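Trainee: Sharing input-v4.txt, compact mmCIF, C-alpha atoms:
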```txt
# COMPACT_ATOMS: atom_id res chain seq x y z
CA MET A 54 -5.10 166.55 7.15
CA TYR A 55 -3.51 163.35 8.49
CA SER A 56 -4.26 162.41 12.04
CA GLU A 57 -1.55 161.03 14.27
CA LYS A 58 -2.72 157.46 13.56
CA TYR A 59 0.17 155.90 11.67
CA PRO A 60 0.02 152.25 10.71
CA SER A 61 3.45 151.62 12.23
CA HIS A 62 5.67 153.19 14.87
CA LEU A 63 8.66 152.94 12.56
CA LEU A 64 6.81 155.00 9.97
CA GLU A 65 5.69 157.51 12.59
CA ASP A 66 9.27 157.95 13.88
CA ALA A 67 10.63 158.43 10.36
CA VAL A 68 7.89 160.91 9.44
CA GLN A 69 8.57 162.91 12.60
CA ALA A 70 12.32 162.94 11.89
CA ILE A 71 11.89 164.01 8.26
CA GLY A 72 9.16 166.50 9.20
CA SER A 73 11.57 168.21 11.61
CA LEU A 74 13.56 169.50 8.64
CA PRO A 75 12.84 173.14 7.73
CA GLY A 76 10.24 173.59 4.98
CA ILE A 77 9.04 169.99 5.06
CA GLY A 78 5.53 169.49 6.42
CA LYS A 79 3.97 166.30 7.79
CA ARG A 80 2.41 165.47 4.45
CA SER A 81 5.66 165.78 2.48
CA ALA A 82 7.48 163.89 5.23
CA LEU A 83 5.07 160.97 4.86
CA ARG A 84 5.54 161.00 1.10
CA LEU A 85 9.33 161.00 1.49
CA ALA A 86 9.27 158.23 4.13
CA LEU A 87 7.14 156.02 1.87
CA HIS A 88 9.51 156.80 -1.00
CA LEU A 89 12.52 155.69 1.07
CA LEU A 90 10.65 152.54 2.07
CA ARG A 91 10.41 151.57 -1.60
CA GLN A 92 14.11 152.13 -2.36
CA PRO A 93 16.75 149.37 -2.34
CA GLN A 94 18.11 148.78 1.15
CA GLU A 95 21.68 149.77 0.20
CA ASN A 96 20.50 153.12 -1.17
CA VAL A 97 18.74 153.92 2.09
CA HIS A 98 21.82 152.88 4.10
CA HIS A 99 24.00 155.08 1.91
CA PHE A 100 21.54 157.96 2.38
CA ALA A 101 21.64 157.69 6.17
CA GLU A 102 25.40 157.16 6.27
CA SER A 103 26.16 160.22 4.16
CA ILE A 104 24.18 162.37 6.60
CA VAL A 105 25.82 160.88 9.69
CA ARG A 106 29.28 161.28 8.14
CA LEU A 107 28.48 164.89 7.18
CA ARG A 108 27.66 165.66 10.80
CA ASP A 109 30.43 163.60 12.42
CA GLU A 110 33.38 164.15 10.12
CA THR A 111 33.01 167.63 8.66
CA LEU A 112 35.84 169.90 9.73
CA TYR A 113 35.95 173.69 9.76
CA CYS A 114 38.96 175.41 8.23
CA LYS A 115 41.09 176.85 11.06
CA GLU A 116 41.78 179.94 8.95
CA CYS A 117 38.40 180.97 7.53
CA MET A 118 35.91 178.71 9.44
CA MET A 119 34.62 177.29 6.13
CA ILE A 120 33.35 173.71 5.90
CA SER A 121 36.24 171.52 4.84
CA ASP A 122 37.49 167.95 4.51
CA GLU A 123 40.87 169.04 5.88
CA GLU A 124 42.11 171.27 8.71
CA THR A 125 42.72 173.98 6.13
CA CYS A 126 40.20 174.39 3.32
CA SER A 127 41.06 174.21 -0.37
CA ILE A 128 40.71 177.99 -0.76
CA CYS A 129 42.99 178.88 2.18
CA SER A 130 45.60 176.33 1.06
CA ASP A 131 45.58 177.67 -2.52
CA LYS A 132 48.80 179.71 -2.77
CA SER A 133 47.71 181.38 -6.03
CA ARG A 134 44.99 183.30 -4.16
CA ASP A 135 45.42 186.70 -2.51
CA HIS A 136 45.62 185.95 1.23
CA ARG A 137 45.60 189.64 2.18
CA THR A 138 42.07 190.22 0.84
CA ILE A 139 39.45 188.70 3.14
CA CYS A 140 35.80 188.55 2.13
CA VAL A 141 33.58 188.30 5.23
CA VAL A 142 30.35 186.35 4.60
CA GLU A 143 27.50 185.03 6.70
CA ASN A 144 27.59 181.38 5.69
CA VAL A 145 28.90 178.59 3.48
CA ARG A 146 26.31 179.22 0.77
CA ASP A 147 27.58 182.78 0.34
CA VAL A 148 31.10 181.44 -0.26
CA MET A 149 29.73 179.05 -2.88
CA SER A 150 27.76 181.87 -4.56
CA ILE A 151 30.77 184.17 -4.77
CA GLU A 152 33.05 181.34 -5.92
CA ASN A 153 30.52 180.61 -8.66
CA THR A 154 30.98 184.09 -10.10
CA GLY A 155 34.65 183.32 -10.77
CA GLN A 156 35.36 187.04 -10.09
CA TYR A 157 37.02 186.79 -6.68
CA HIS A 158 40.55 185.61 -6.01
CA GLY A 159 41.02 186.49 -2.36
CA VAL A 160 40.14 184.37 0.69
CA TYR A 161 37.06 184.27 2.94
CA HIS A 162 35.95 184.46 6.53
CA VAL A 163 32.70 182.66 7.41
CA LEU A 164 30.91 184.30 10.35
CA GLY A 165 28.48 181.42 10.84
CA GLY A 166 25.52 183.80 11.17
CA ILE A 167 24.70 187.43 11.63
CA ILE A 168 24.12 189.64 14.68
CA SER A 169 20.40 189.44 15.45
CA PRO A 170 19.20 190.40 18.94
CA ILE A 171 15.69 189.08 18.11
CA ASP A 172 17.10 185.59 17.51
CA GLY A 173 19.44 185.93 20.49
CA ILE A 174 22.57 185.95 18.31
CA GLY A 175 25.29 188.27 19.56
CA PRO A 176 28.87 188.88 18.38
CA SER A 177 30.24 186.11 20.64
CA ASP A 178 28.09 183.51 18.83
CA LEU A 179 29.90 184.32 15.58
CA THR A 180 33.53 183.98 14.52
CA ILE A 181 34.19 187.73 14.82
CA GLN A 182 36.95 187.28 17.42
CA GLN A 183 38.80 184.89 15.10
CA LEU A 184 38.43 187.44 12.30
CA THR A 185 39.80 190.25 14.48
CA ARG A 186 42.84 188.16 15.45
CA ARG A 187 43.36 187.11 11.85
CA VAL A 188 43.26 190.73 10.59
CA GLU A 189 45.51 191.88 13.45
CA GLY A 190 48.05 189.17 12.59
CA LEU A 191 48.09 190.01 8.88
CA SER A 192 48.30 193.77 9.36
CA SER A 193 51.16 193.54 11.88
CA ASP A 194 53.52 192.88 8.94
CA ALA A 195 54.31 196.48 7.97
CA GLU A 196 56.37 195.41 4.92
CA ALA A 197 53.49 193.57 3.24
CA PRO A 198 50.74 195.24 1.15
CA GLN A 199 47.72 196.67 2.95
CA VAL A 200 45.08 194.17 4.05
CA GLU A 201 41.57 194.57 2.61
CA VAL A 202 38.47 193.31 4.38
CA ILE A 203 35.34 193.10 2.18
CA LEU A 204 32.14 193.09 4.23
CA ALA A 205 29.88 190.98 1.98
CA LEU A 206 26.86 190.80 4.29
CA SER A 207 23.20 191.26 3.45
CA GLY A 208 21.76 194.78 3.11
CA ASP A 209 19.16 194.47 5.88
CA VAL A 210 19.35 195.87 9.39
CA GLU A 211 21.10 192.79 10.81
CA GLY A 212 23.65 192.82 8.01
CA GLU A 213 24.36 196.55 8.42
CA THR A 214 24.64 196.13 12.21
CA THR A 215 27.09 193.26 11.83
CA SER A 216 29.13 195.17 9.24
CA PHE A 217 29.33 198.19 11.52
CA TYR A 218 30.31 196.05 14.54
CA ILE A 219 33.10 194.37 12.57
CA TYR A 220 34.26 197.70 11.18
CA ARG A 221 34.70 199.05 14.70
CA GLN A 222 36.70 195.96 15.73
CA ILE A 223 39.17 196.10 12.86
CA ALA A 224 39.35 199.82 11.94
CA SER A 225 42.29 200.42 14.31
CA PHE A 226 44.54 197.93 12.44
CA GLY A 227 44.87 200.27 9.46
CA VAL A 228 43.18 197.93 7.02
CA LYS A 229 41.10 198.93 4.00
CA VAL A 230 37.44 198.05 4.63
CA SER A 231 35.04 197.79 1.70
CA SER A 232 31.54 196.51 1.10
CA LEU A 233 29.70 195.11 -1.92
CA ALA A 234 28.48 197.57 -4.58
CA ARG A 235 24.72 198.10 -4.33
CA GLY A 236 22.49 199.39 -7.10
CA LEU A 237 20.29 198.17 -9.90
CA GLY A 238 21.01 194.63 -11.05
CA PHE A 239 22.54 194.26 -14.51
CA GLY A 240 19.67 194.19 -16.99
CA ASP A 241 17.12 195.48 -14.46
CA ASP A 242 14.30 197.69 -15.70
CA LEU A 243 14.02 201.02 -13.86
CA GLU A 244 10.25 200.78 -13.54
CA TYR A 245 10.45 197.51 -11.60
CA ALA A 246 13.24 198.56 -9.21
CA ASP A 247 12.29 199.33 -5.62
CA GLU A 248 12.52 202.98 -4.59
CA LEU A 249 15.33 202.49 -2.07
CA THR A 250 17.58 200.72 -4.57
CA LEU A 251 16.80 203.21 -7.35
CA GLY A 252 17.33 206.19 -5.03
CA ARG A 253 20.67 204.90 -3.78
CA SER A 254 21.85 204.08 -7.28
CA ILE A 255 21.26 207.70 -8.30
CA VAL A 256 23.07 209.06 -5.24
CA ASN A 257 25.96 206.61 -5.70
CA ARG A 258 26.11 207.04 -9.49
CA GLN A 259 29.32 206.02 -11.22
CA ILE A 260 31.41 207.62 -13.97
CA PHE A 261 30.21 206.24 -17.29
CA LYS A 262 32.87 204.01 -18.85
CA PRO A 263 31.98 203.37 -22.49
CA MET B 659 22.65 177.95 -10.06
CA TYR B 660 25.27 176.20 -7.90
CA SER B 661 28.14 174.62 -9.72
CA GLU B 662 29.43 171.24 -8.68
CA LYS B 663 32.21 172.89 -6.66
CA TYR B 664 31.40 171.95 -3.08
CA PRO B 665 33.78 172.97 -0.32
CA SER B 666 33.85 169.40 1.02
CA HIS B 667 33.24 165.89 -0.30
CA LEU B 668 31.15 165.06 2.75
CA LEU B 669 28.84 167.96 1.94
CA GLU B 670 28.68 166.98 -1.71
CA ASP B 671 27.76 163.37 -0.83
CA ALA B 672 25.05 164.50 1.59
CA VAL B 673 23.61 166.99 -0.90
CA GLN B 674 23.50 164.32 -3.59
CA ALA B 675 21.78 161.87 -1.24
CA ILE B 676 19.19 164.40 -0.07
CA GLY B 677 18.72 165.73 -3.62
CA SER B 678 17.83 162.22 -4.80
CA LEU B 679 14.56 162.46 -2.87
CA PRO B 680 11.52 163.29 -5.02
CA GLY B 681 10.64 166.98 -5.13
CA ILE B 682 13.89 168.16 -3.53
CA GLY B 683 16.23 170.05 -5.84
CA LYS B 684 19.96 170.64 -5.44
CA ARG B 685 19.39 174.03 -3.84
CA SER B 686 16.97 172.72 -1.19
CA ALA B 687 19.24 169.73 -0.61
CA LEU B 688 22.14 172.06 0.18
CA ARG B 689 19.95 174.06 2.55
CA LEU B 690 18.83 170.87 4.33
CA ALA B 691 22.38 169.49 4.53
CA LEU B 692 23.66 172.73 6.10
CA HIS B 693 20.70 172.65 8.49
CA LEU B 694 21.58 169.10 9.59
CA LEU B 695 25.22 170.17 10.03
CA ARG B 696 24.10 172.75 12.60
CA GLN B 697 21.97 170.33 14.63
CA PRO B 698 23.17 168.50 17.76
CA GLN B 699 24.98 165.27 16.86
CA GLU B 700 22.46 163.06 18.68
CA ASN B 701 19.56 164.56 16.71
CA VAL B 702 21.29 163.81 13.41
CA HIS B 703 22.06 160.25 14.55
CA HIS B 704 18.44 159.77 15.56
CA PHE B 705 17.33 161.15 12.18
CA ALA B 706 19.50 158.71 10.25
CA GLU B 707 18.65 155.77 12.52
CA SER B 708 14.90 156.29 12.19
CA ILE B 709 15.23 156.11 8.40
CA VAL B 710 17.43 153.01 8.45
CA ARG B 711 15.08 151.29 10.89
CA LEU B 712 12.07 152.23 8.74
CA ARG B 713 13.67 150.52 5.75
CA ASP B 714 15.14 147.52 7.60
CA GLU B 715 12.46 146.65 10.12
CA THR B 716 9.13 147.60 8.55
CA LEU B 717 6.96 144.55 7.98
CA TYR B 718 4.03 144.16 5.63
CA CYS B 719 0.82 142.66 7.01
CA LYS B 720 0.46 139.14 5.59
CA GLU B 721 -3.28 139.68 5.23
CA CYS B 722 -3.63 143.09 3.61
CA MET B 723 -0.01 144.02 2.64
CA MET B 724 -0.22 147.19 4.74
CA ILE B 725 2.88 148.58 6.45
CA SER B 726 2.99 147.21 9.98
CA ASP B 727 5.14 146.73 13.06
CA GLU B 728 3.83 143.15 13.39
CA GLU B 729 3.18 140.27 11.00
CA THR B 730 -0.49 141.19 11.09
CA CYS B 731 -1.41 144.87 11.10
CA SER B 732 -3.52 146.52 13.78
CA ILE B 733 -6.53 146.75 11.46
CA CYS B 734 -6.46 143.08 10.41
CA SER B 735 -6.00 141.95 14.01
CA ASP B 736 -8.93 144.09 15.22
CA LYS B 737 -11.76 141.61 15.78
CA SER B 738 -14.38 144.36 16.01
CA ARG B 739 -13.93 145.15 12.31
CA ASP B 740 -15.84 143.53 9.46
CA HIS B 741 -13.35 141.09 7.90
CA ARG B 742 -15.69 140.23 5.03
CA THR B 743 -15.61 143.75 3.58
CA ILE B 744 -12.32 144.45 1.84
CA CYS B 745 -11.46 147.93 0.59
CA VAL B 746 -8.87 147.73 -2.21
CA VAL B 747 -6.56 150.76 -2.32
CA GLU B 748 -3.45 151.78 -4.20
CA ASN B 749 -1.18 152.60 -1.27
CA VAL B 750 -0.63 153.19 2.43
CA ARG B 751 -1.64 156.84 2.24
CA ASP B 752 -5.07 155.87 0.92
CA VAL B 753 -5.59 153.61 3.95
CA MET B 754 -4.64 156.50 6.23
CA SER B 755 -7.01 158.88 4.39
CA ILE B 756 -9.96 156.49 4.65
CA GLU B 757 -9.18 155.65 8.29
CA ASN B 758 -9.17 159.39 8.99
CA THR B 759 -12.79 159.69 7.88
CA GLY B 760 -13.84 157.32 10.67
CA GLN B 761 -16.58 156.05 8.32
CA TYR B 762 -15.18 152.65 7.40
CA HIS B 763 -15.14 149.58 9.60
CA GLY B 764 -14.05 146.85 7.19
CA VAL B 765 -10.51 145.79 6.32
CA TYR B 766 -8.16 146.77 3.46
CA HIS B 767 -6.03 145.36 0.71
CA VAL B 768 -3.04 147.47 -0.38
CA LEU B 769 -2.14 146.90 -4.04
CA GLY B 770 1.19 148.71 -3.78
CA GLY B 771 0.54 150.61 -7.01
CA ILE B 772 -1.74 150.67 -10.00
CA ILE B 773 -1.62 149.04 -13.45
CA SER B 774 0.25 151.48 -15.70
CA PRO B 775 1.76 150.15 -18.93
CA ILE B 776 3.56 153.50 -19.47
CA ASP B 777 5.45 153.06 -16.19
CA GLY B 778 5.95 149.35 -16.88
CA ILE B 779 3.70 148.28 -13.99
CA GLY B 780 1.62 145.21 -14.75
CA PRO B 781 -0.72 143.12 -12.59
CA SER B 782 2.14 140.85 -11.43
CA ASP B 783 3.94 143.85 -9.87
CA LEU B 784 0.97 144.43 -7.57
CA THR B 785 -0.60 142.29 -4.85
CA ILE B 786 -3.57 141.30 -7.03
CA GLN B 787 -2.81 137.57 -6.80
CA GLN B 788 -2.83 137.76 -2.98
CA LEU B 789 -6.15 139.61 -3.17
CA THR B 790 -7.64 136.98 -5.46
CA ARG B 791 -6.59 134.16 -3.12
CA ARG B 792 -7.85 136.09 -0.11
CA VAL B 793 -11.27 136.68 -1.70
CA GLU B 794 -11.43 133.07 -2.87
CA GLY B 795 -10.67 131.82 0.65
CA LEU B 796 -13.29 134.07 2.27
CA SER B 797 -16.03 133.32 -0.28
CA SER B 798 -15.52 129.55 -0.05
CA ASP B 799 -17.37 129.61 3.29
CA ALA B 800 -20.95 129.31 2.01
CA GLU B 801 -22.44 129.70 5.52
CA ALA B 802 -20.91 133.15 6.09
CA PRO B 803 -22.37 136.45 4.81
CA GLN B 804 -21.46 137.54 1.29
CA VAL B 805 -18.04 139.09 0.84
CA GLU B 806 -17.88 142.70 -0.43
CA VAL B 807 -14.89 144.08 -2.28
CA ILE B 808 -14.80 147.89 -2.54
CA LEU B 809 -12.60 149.11 -5.39
CA ALA B 810 -11.36 152.44 -3.97
CA LEU B 811 -8.98 153.35 -6.77
CA SER B 812 -8.51 156.69 -8.51
CA GLY B 813 -10.91 157.73 -11.26
CA ASP B 814 -8.31 158.05 -14.02
CA VAL B 815 -7.59 155.59 -16.83
CA GLU B 816 -5.06 153.59 -14.78
CA GLY B 817 -7.45 153.35 -11.85
CA GLU B 818 -10.36 152.26 -14.05
CA THR B 819 -8.14 149.69 -15.82
CA THR B 820 -6.96 148.27 -12.52
CA SER B 821 -10.52 148.15 -11.15
CA PHE B 822 -11.71 146.32 -14.26
CA TYR B 823 -8.81 143.85 -14.12
CA ILE B 824 -9.51 143.04 -10.49
CA TYR B 825 -13.24 142.76 -11.17
CA ARG B 826 -12.56 140.11 -13.80
CA GLN B 827 -10.31 138.16 -11.40
CA ILE B 828 -12.81 138.02 -8.54
CA ALA B 829 -16.23 138.15 -10.26
CA SER B 830 -16.46 134.35 -10.44
CA PHE B 831 -16.32 133.97 -6.63
CA GLY B 832 -19.82 135.39 -6.22
CA VAL B 833 -18.72 138.42 -4.24
CA LYS B 834 -20.34 141.85 -4.23
CA VAL B 835 -18.06 144.35 -5.95
CA SER B 836 -18.57 148.09 -5.36
CA SER B 837 -16.69 151.28 -6.03
CA LEU B 838 -16.57 154.71 -4.40
CA ALA B 839 -19.45 157.10 -5.05
CA ARG B 840 -18.48 159.84 -7.48
CA GLY B 841 -20.18 163.20 -7.86
CA LEU B 842 -19.98 166.74 -6.62
CA GLY B 843 -18.07 167.23 -3.39
CA PHE B 844 -20.12 168.19 -0.35
CA GLY B 845 -20.45 171.96 -0.35
CA ASP B 846 -19.27 172.28 -3.97
CA ASP B 847 -20.73 175.03 -6.13
CA LEU B 848 -22.23 173.82 -9.41
CA GLU B 849 -20.63 176.60 -11.41
CA TYR B 850 -17.11 175.51 -10.42
CA ALA B 851 -17.60 171.77 -10.97
CA ASP B 852 -15.96 170.23 -14.03
CA GLU B 853 -18.33 169.08 -16.77
CA LEU B 854 -17.55 165.38 -16.44
CA THR B 855 -18.26 165.31 -12.70
CA LEU B 856 -21.41 167.43 -13.05
CA GLY B 857 -22.66 165.33 -15.97
CA ARG B 858 -22.13 162.06 -14.09
CA SER B 859 -23.74 163.39 -10.95
CA ILE B 860 -26.91 164.15 -12.94
CA VAL B 861 -26.94 160.73 -14.59
CA ASN B 862 -26.25 158.97 -11.26
CA ARG B 863 -28.64 161.20 -9.28
CA GLN B 864 -29.84 159.85 -5.94
CA ILE B 865 -33.23 159.77 -4.23
CA PHE B 866 -33.56 162.90 -2.10
CA LYS B 867 -33.52 161.98 1.61
CA PRO B 868 -34.69 164.99 3.64
```
Output the file's structure as structure tokens, nothing else.
Mentor:
Amino acid sequence: MYSEKYPSHLLEDAVQAIGSLPGIGKRSALRLALHLLRQPQENVHHFAESIVRLRDETLYCKECMMISDEETCSICSDKSRDHRTICVVENVRDVMSIENTGQYHGVYHVLGGIISPIDGIGPSDLTIQQLTRRVEGLSSDAEAPQVEVILALSGDVEGETTSFYIYRQIASFGVKVSSLARGLGFGDDLEYADELTLGRSIVNRQIFKP
Amino acid sequence: MYSEKYPSHLLEDAVQAIGSLPGIGKRSALRLALHLLRQPQENVHHFAESIVRLRDETLYCKECMMISDEETCSICSDKSRDHRTICVVENVRDVMSIENTGQYHGVYHVLGGIISPIDGIGPSDLTIQQLTRRVEGLSSDAEAPQVEVILALSGDVEGETTSFYIYRQIASFGVKVSSLARGLGFGDDLEYADELTLGRSIVNRQIFKP
């Protein structure tokens, strides 16, 4: 509804910058810019600085490609974790979600995306080569326990494609490859489940453990 | 749903800063921070700089208190506008909305808020004193046409209170005081109008001009 007539160039620049963020329209951007204008100067400086520092100083773990303050992230440098079980995920948020469950004690590998020809993302845009080398290195130690790679990617076409591509890259190293269990969510009602999920959870039914 | 366990302090700081903006939760803040992390460094620097410059360099017009790049805003320095008609609004966005209509050729006065005892905002927190002095100065010229002050505030209790307060401050200067027309919106169906609006638009009915 707002025309391009802003009362000040500074406001216009800020609105354009904020409006370039995903999911924030021109109207919200104006509201946020005017909010920032009313905040104490030091708060606004801190706001801007934290974003610049995020971009300039964030490191990526040389093992798992996860965002980190150090060269090796806190998960990869944690000796109590199982370093021969690698959970392959699309992005940082997936790591945070799985960590939140408290159910996983292995390490991760962050692909940084998913194979998607429509978006022009191929295997070389992801960290698949690093994963392959990492798995090769681990599995070359014949004395150690078998390596397990968990493909924890989304269940859509892109996720399945990426899982299959990775499987083909690492299958020859003699590692165990698994993927996340799929089925009805805990507490889900049958009548509200989608047909595909319900159908697969019948086919892949599990032994009842009372 | 996300715990406070962030993989990096830089990310945590940025998420907290972004999440402090109104209407942006922790989850959206994380999404935005990870988006910024993927952008080219110069874009992120420009983003932060435009916000810092907005806060540090924005001026307020000494006439109407509007956001401005100069000491006097583009509206107040426009000699083709009627400087003896002052439209009193709550904030910058209201000025932009009215300017967008293209129907108003007077000047503005931005209060910077509205009297709201619940939020602890009293008359001294707004630019009412500047408005009073401005109206007094304009109306002291007995040769010039009568000054008109349009109270373009919202129709709720706070808006009505603020309008009444301002009216009492400026009534003695012999100025014309008006407020926005209220009634059914153009194109509104009667059956969907709220009772208060419909009732008032019958009481304040206008002569039919075919």
Trainee: Would you give me, as an MDAnalysis selection string, the residues of chain B that come within 8 Å of chain A, using all atoms listed in the file?
Mentor: chainID B and resid 660:661 663:669 671:672 675:676 679:680 690:691 693:695 699 702:716 724:727 731:732 754:755 758
Trainee: What is the CA of Phe261 in chain A to CA of Leu233 in chain A distance in Å?
Mentor: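 Computing the Euclidean distance for CA of Phe261 in chain A and CA of Leu233 in chain A yields 19.0 Å.
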Trainee: Fewer than 5 positions away in the same chain doesn't count, so skip those; otherwise give me all residues within 7 Å of Ile773 in chain B, counting only C-alpha atoms, as a compact mmCIF listing (two decimals) with C-alpha atoms, in the frame of the given file.
Mentor:
```txt
# COMPACT_ATOMS: atom_id res chain seq x y z
CA ILE B 779 3.70 148.28 -13.99
CA GLY B 780 1.62 145.21 -14.75
CA PRO B 781 -0.72 143.12 -12.59
CA GLU B 816 -5.06 153.59 -14.78
CA THR B 819 -8.14 149.69 -15.82
CA THR B 820 -6.96 148.27 -12.52
```
Trainee: Counting all atoms listed in the file, what is within 12 Å of Arg134 in chain A, bar same-chain residues fewer than 3 positions away, as a CSV table (one decimal) with C-alpha atoms, in the coordinates of the input?
Mentor:
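Dumped everything to selection.csv:
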```csv
chain,number,residue,atom,x,y,z
A,127,SER,CA,41.1,174.2,-0.4
A,128,ILE,CA,40.7,178.0,-0.8
A,129,CYS,CA,43.0,178.9,2.2
A,130,SER,CA,45.6,176.3,1.1
A,131,ASP,CA,45.6,177.7,-2.5
A,137,ARG,CA,45.6,189.6,2.2
A,138,THR,CA,42.1,190.2,0.8
A,139,ILE,CA,39.4,188.7,3.1
A,156,GLN,CA,35.4,187.0,-10.1
A,157,TYR,CA,37.0,186.8,-6.7
A,158,HIS,CA,40.6,185.6,-6.0
A,159,GLY,CA,41.0,186.5,-2.4
A,160,VAL,CA,40.1,184.4,0.7
A,161,TYR,CA,37.1,184.3,2.9
```
Trainee: CA of Gly155 in chain A and CA of Ser207 in chain A are how many Å apart?
Mentor: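 Interatomic distance, CA of Gly155 in chain A to CA of Ser207 in chain A: 19.9 Å.
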Trainee: What's the separation between CA of Val188 in chain A and CA of Val210 in chain A, in Å to one decimal place?
Mentor: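 Taking CA of Val188 in chain A as the start and CA of Val210 in chain A as the end point, the length is 24.5 Å.
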Trainee: Would you kindly return, as a count of residues only, each protein, DNA or RNA residue with an atom no farther than 8 Å from any atom of Lys115 in chain A, considering all atoms listed in the file and excluding same-chain residues fewer than 2 positions away?
Mentor: 5
Trainee: If the box runs along x, y and z of the file and leaves 4 Å on each side of range 701-714 of chain B, what are its centre and edge lengths in Å, one decimal, as JSON?
Mentor:
```
{"center_x": 17.1, "center_y": 156.0, "center_z": 11.2, "size_x": 18.0, "size_y": 25.0, "size_z": 19.0}
```
Trainee: Counting only C-alpha atoms, figure out which residue out of A:Lys262, A:Leu249, A:Lys229, A:Glu143 gets nearest to Pro198 in chain A.
Mentor: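 For Pro198 in chain A, the nearest of the candidates is A:Lys229.
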Trainee: Point out the residue among B:Leu856, B:Ile808, B:Ala851, B:Asp814 with the least atom-to-atom distance to Ser774 in chain B, counting only C-alpha atoms.
Mentor: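 For Ser774 in chain B, the nearest of the candidates is B:Asp814.
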Trainee: Can you list, as a list in words, every protein, DNA or RNA residue that comes within 10 Å of Ala234 in chain A when you count all atoms listed in the file, leaving out same-chain residues fewer than 4 positions away?
Mentor: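 My list of contacting residues is Ala205, Ser254 and Asn257 of chain A.
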Trainee: May I have the residues within 10 Å of Gln787 in chain B as an MDAnalysis selection string, using all atoms listed in the file and disregarding those fewer than 5 positions away in the same chain?
Mentor: chainID B and resid 769 781:782 792:793 824 827
